[in-house]
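Trainee: Take this structure first; my questions come after.
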Amino acid sequence: MLIETPTTRSASPSPQSGTEPGTVTDPSAPSATRRRHDDAPDTVALFGRLAGLPEGPERDAVRDELVTAWLPMAHRIAGRFRDRGESIEDLRQVAALGLVKAIDRFDPERGAFESYAVPTITGEVKRHFRDRMWALRVPRRVQELRNKVRVARRELTQSPGSPEPSVAALASHTGLSEDEVSAGMEALESFSTLSLDAELSDGDDGYSLADTIGSADASFDVVIDRESAKEGLRRLPERERAILYMRFFEDMTQSRIADRLGISQMHVSRLISRSCARVRDEAMGQRAGRAGAGRSATA
């Protein structure tokens, strides 16, 4: 349905009028001229015809004709957003989608189509940048802060030699709090992501971004030790398991354990030492056995 057409149309000046192409002269004010884009065709009759047609092949044909006529305008609007990280071909497709939406929603009795289509298409392109161009999903509120800060920075640095505005100056200019300005400034630098494999040093000892944020997790060792000790704990007599539970999980002292079980504190101490040594020896034996089996399998 979308047909590629040139983004501009050639127009030759009339030898009688002497006016420039794309300029419409108001007969009531001969000295004043109104500039009109040459990609705004006269399609009033087509829109009137479209409004009176039911769904079907004829209506689709008229709709396609309108899309073809107004596509150069959509391409012109897309061109305003070039060099922002998106290809012009993709931007033209987004603008064309906005054009189709504008044609479908336009009411010919409410004014000129161009006045309705331009904000509709522009909004579609802006929505594309807002929803599709972020490498990570950013809340709408943060995106709005980013846009306000970006505009404020441009306005405050328009004069040559103007210093980079401070957070306080941006907050005063935008009416935002300094925390909101800081969030917007962070978002300005967060439109795209950096690979964790990106090299941060040019020397022989180069390292990647992942090397600066990664660290060994000690919890893995805890999981391994717990799983290794599980079988040995199951084999302990019930009283020794109860003593280890009270000592290491309920954080009871040896004296309190002795009072609860009716034995001496020295006996509790010996039972704890013996139980721990037994579980440790079994766990280390299991590890040695697994390591030996692994070596045999690879031999």
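As shown in the structure tokens, the chain order sets the letters A, B, ...; within each chain, residues go from 1, and ligands are also counted from 1 in the order they appear.
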Could you list, as a PyMOL selection string, every residue within 12 Å of Gly98 of chain A, counting only C-alpha atoms and ignoring same-chain residues fewer than 3 positions away?

Mentor: chain A and resi 2+67+70-71+73-75+77-78+91-95+101-106+116-128

Trainee: Near His173 of chain A, within 12 Å and counting only C-alpha atoms, which residues show up once chain neighbours fewer than 3 positions away are dropped, as a PyMOL selection string?

Mentor: chain A and resi 148-156+165-170+176-178+181

Trainee: Which polymer residues have any atom within 10 Å of an atom of segment 231-236 of chain A, counting only C-alpha atoms, with same-chain residues fewer than 6 positions away left out, as a PyMOL selection string?

Mentor: chain A and resi 242+244+275-276+278-283+286

Trainee: Could you write out the selected residues, including N, CA, C and O atoms, as an mmCIF file, in the first residue's frame?

Mentor:
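Below is the file that was written, selection_27.cif:
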data_model
loop_
_atom_site.group_PDB
_atom_site.id
_atom_site.type_symbol
_atom_site.label_atom_id
_atom_site.label_comp_id
_atom_site.auth_asym_id
_atom_site.auth_seq_id
_atom_site.Cartn_x
_atom_site.Cartn_y
_atom_site.Cartn_z
ATOM 1 N N ALA A 242 20.806 -33.007 67.203
ATOM 2 C CA ALA A 242 20.103 -32.017 68.017
ATOM 3 C C ALA A 242 21.084 -31.037 68.648
ATOM 4 O O ALA A 242 20.829 -29.825 68.714
ATOM 5 N N LEU A 244 24.085 -30.144 67.476
ATOM 6 C CA LEU A 244 24.587 -29.241 66.435
ATOM 7 C C LEU A 244 23.534 -28.205 66.037
ATOM 8 O O LEU A 244 23.859 -27.033 65.793
ATOM 9 N N SER A 275 31.420 -34.650 66.264
ATOM 10 C CA SER A 275 30.442 -34.635 65.178
ATOM 11 C C SER A 275 30.938 -33.812 64.000
ATOM 12 O O SER A 275 30.812 -34.209 62.829
ATOM 13 N N CYS A 276 31.496 -32.650 64.289
ATOM 14 C CA CYS A 276 32.005 -31.786 63.206
ATOM 15 C C CYS A 276 33.142 -32.453 62.453
ATOM 16 O O CYS A 276 33.216 -32.375 61.219
ATOM 17 N N ARG A 278 33.651 -35.650 62.104
ATOM 18 C CA ARG A 278 33.103 -36.757 61.306
ATOM 19 C C ARG A 278 32.459 -36.242 60.022
ATOM 20 O O ARG A 278 32.700 -36.793 58.936
ATOM 21 N N VAL A 279 31.645 -35.207 60.156
ATOM 22 C CA VAL A 279 30.981 -34.652 58.965
ATOM 23 C C VAL A 279 32.015 -34.076 58.003
ATOM 24 O O VAL A 279 31.919 -34.260 56.780
ATOM 25 N N ARG A 280 33.028 -33.409 58.543
ATOM 26 C CA ARG A 280 34.056 -32.810 57.678
ATOM 27 C C ARG A 280 34.834 -33.895 56.937
ATOM 28 O O ARG A 280 35.101 -33.767 55.740
ATOM 29 N N ASP A 281 35.195 -34.967 57.625
ATOM 30 C CA ASP A 281 35.960 -36.032 56.968
ATOM 31 C C ASP A 281 35.142 -36.685 55.862
ATOM 32 O O ASP A 281 35.671 -36.981 54.778
ATOM 33 N N GLU A 282 33.834 -36.893 56.122
ATOM 34 C CA GLU A 282 32.998 -37.509 55.093
ATOM 35 C C GLU A 282 32.839 -36.581 53.887
ATOM 36 O O GLU A 282 32.855 -37.026 52.738
ATOM 37 N N ALA A 283 32.673 -35.290 54.159
ATOM 38 C CA ALA A 283 32.523 -34.331 53.055
ATOM 39 C C ALA A 283 33.795 -34.262 52.224
ATOM 40 O O ALA A 283 33.753 -34.258 50.982
ATOM 41 N N GLN A 286 34.090 -37.331 50.079
ATOM 42 C CA GLN A 286 33.214 -37.280 48.908
ATOM 43 C C GLN A 286 33.830 -36.418 47.808
ATOM 44 O O GLN A 286 33.789 -36.769 46.627
#

Trainee: Identify all residues of segment 47-296 of chain A in alpha helix (DSSP H) (DSSP on the backbone) and supply them as an MDAnalysis selection string.

Mentor: chainID A and resid 47:51 57:79 88:105 113:132 140:156 167:174 178:188 209:213 219:235 238:248 254:261 265:296

Trainee: Show which residues sit within 10 Å of Leu145 of chain A, as a PyMOL selection string. Count only C-alpha atoms, and ignore same-chain residues fewer than 6 positions away.

Mentor: chain A and resi 174+176+180-188

Trainee: I'd like the contact shell of Ile272 of chain A - 10 Å cut-off, only C-alpha atoms, skipping same-chain residues fewer than 2 positions apart - returned as an MDAnalysis selection string.

Mentor: chainID A and resid 240:241 243:244 247 254 266:270 274:278

Trainee: Any idea what the distance is between atom CA of Val100 of chain A and atom CA of Arg146 of chain A?

Mentor: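 Distance between the two atoms: 29.7 Å.
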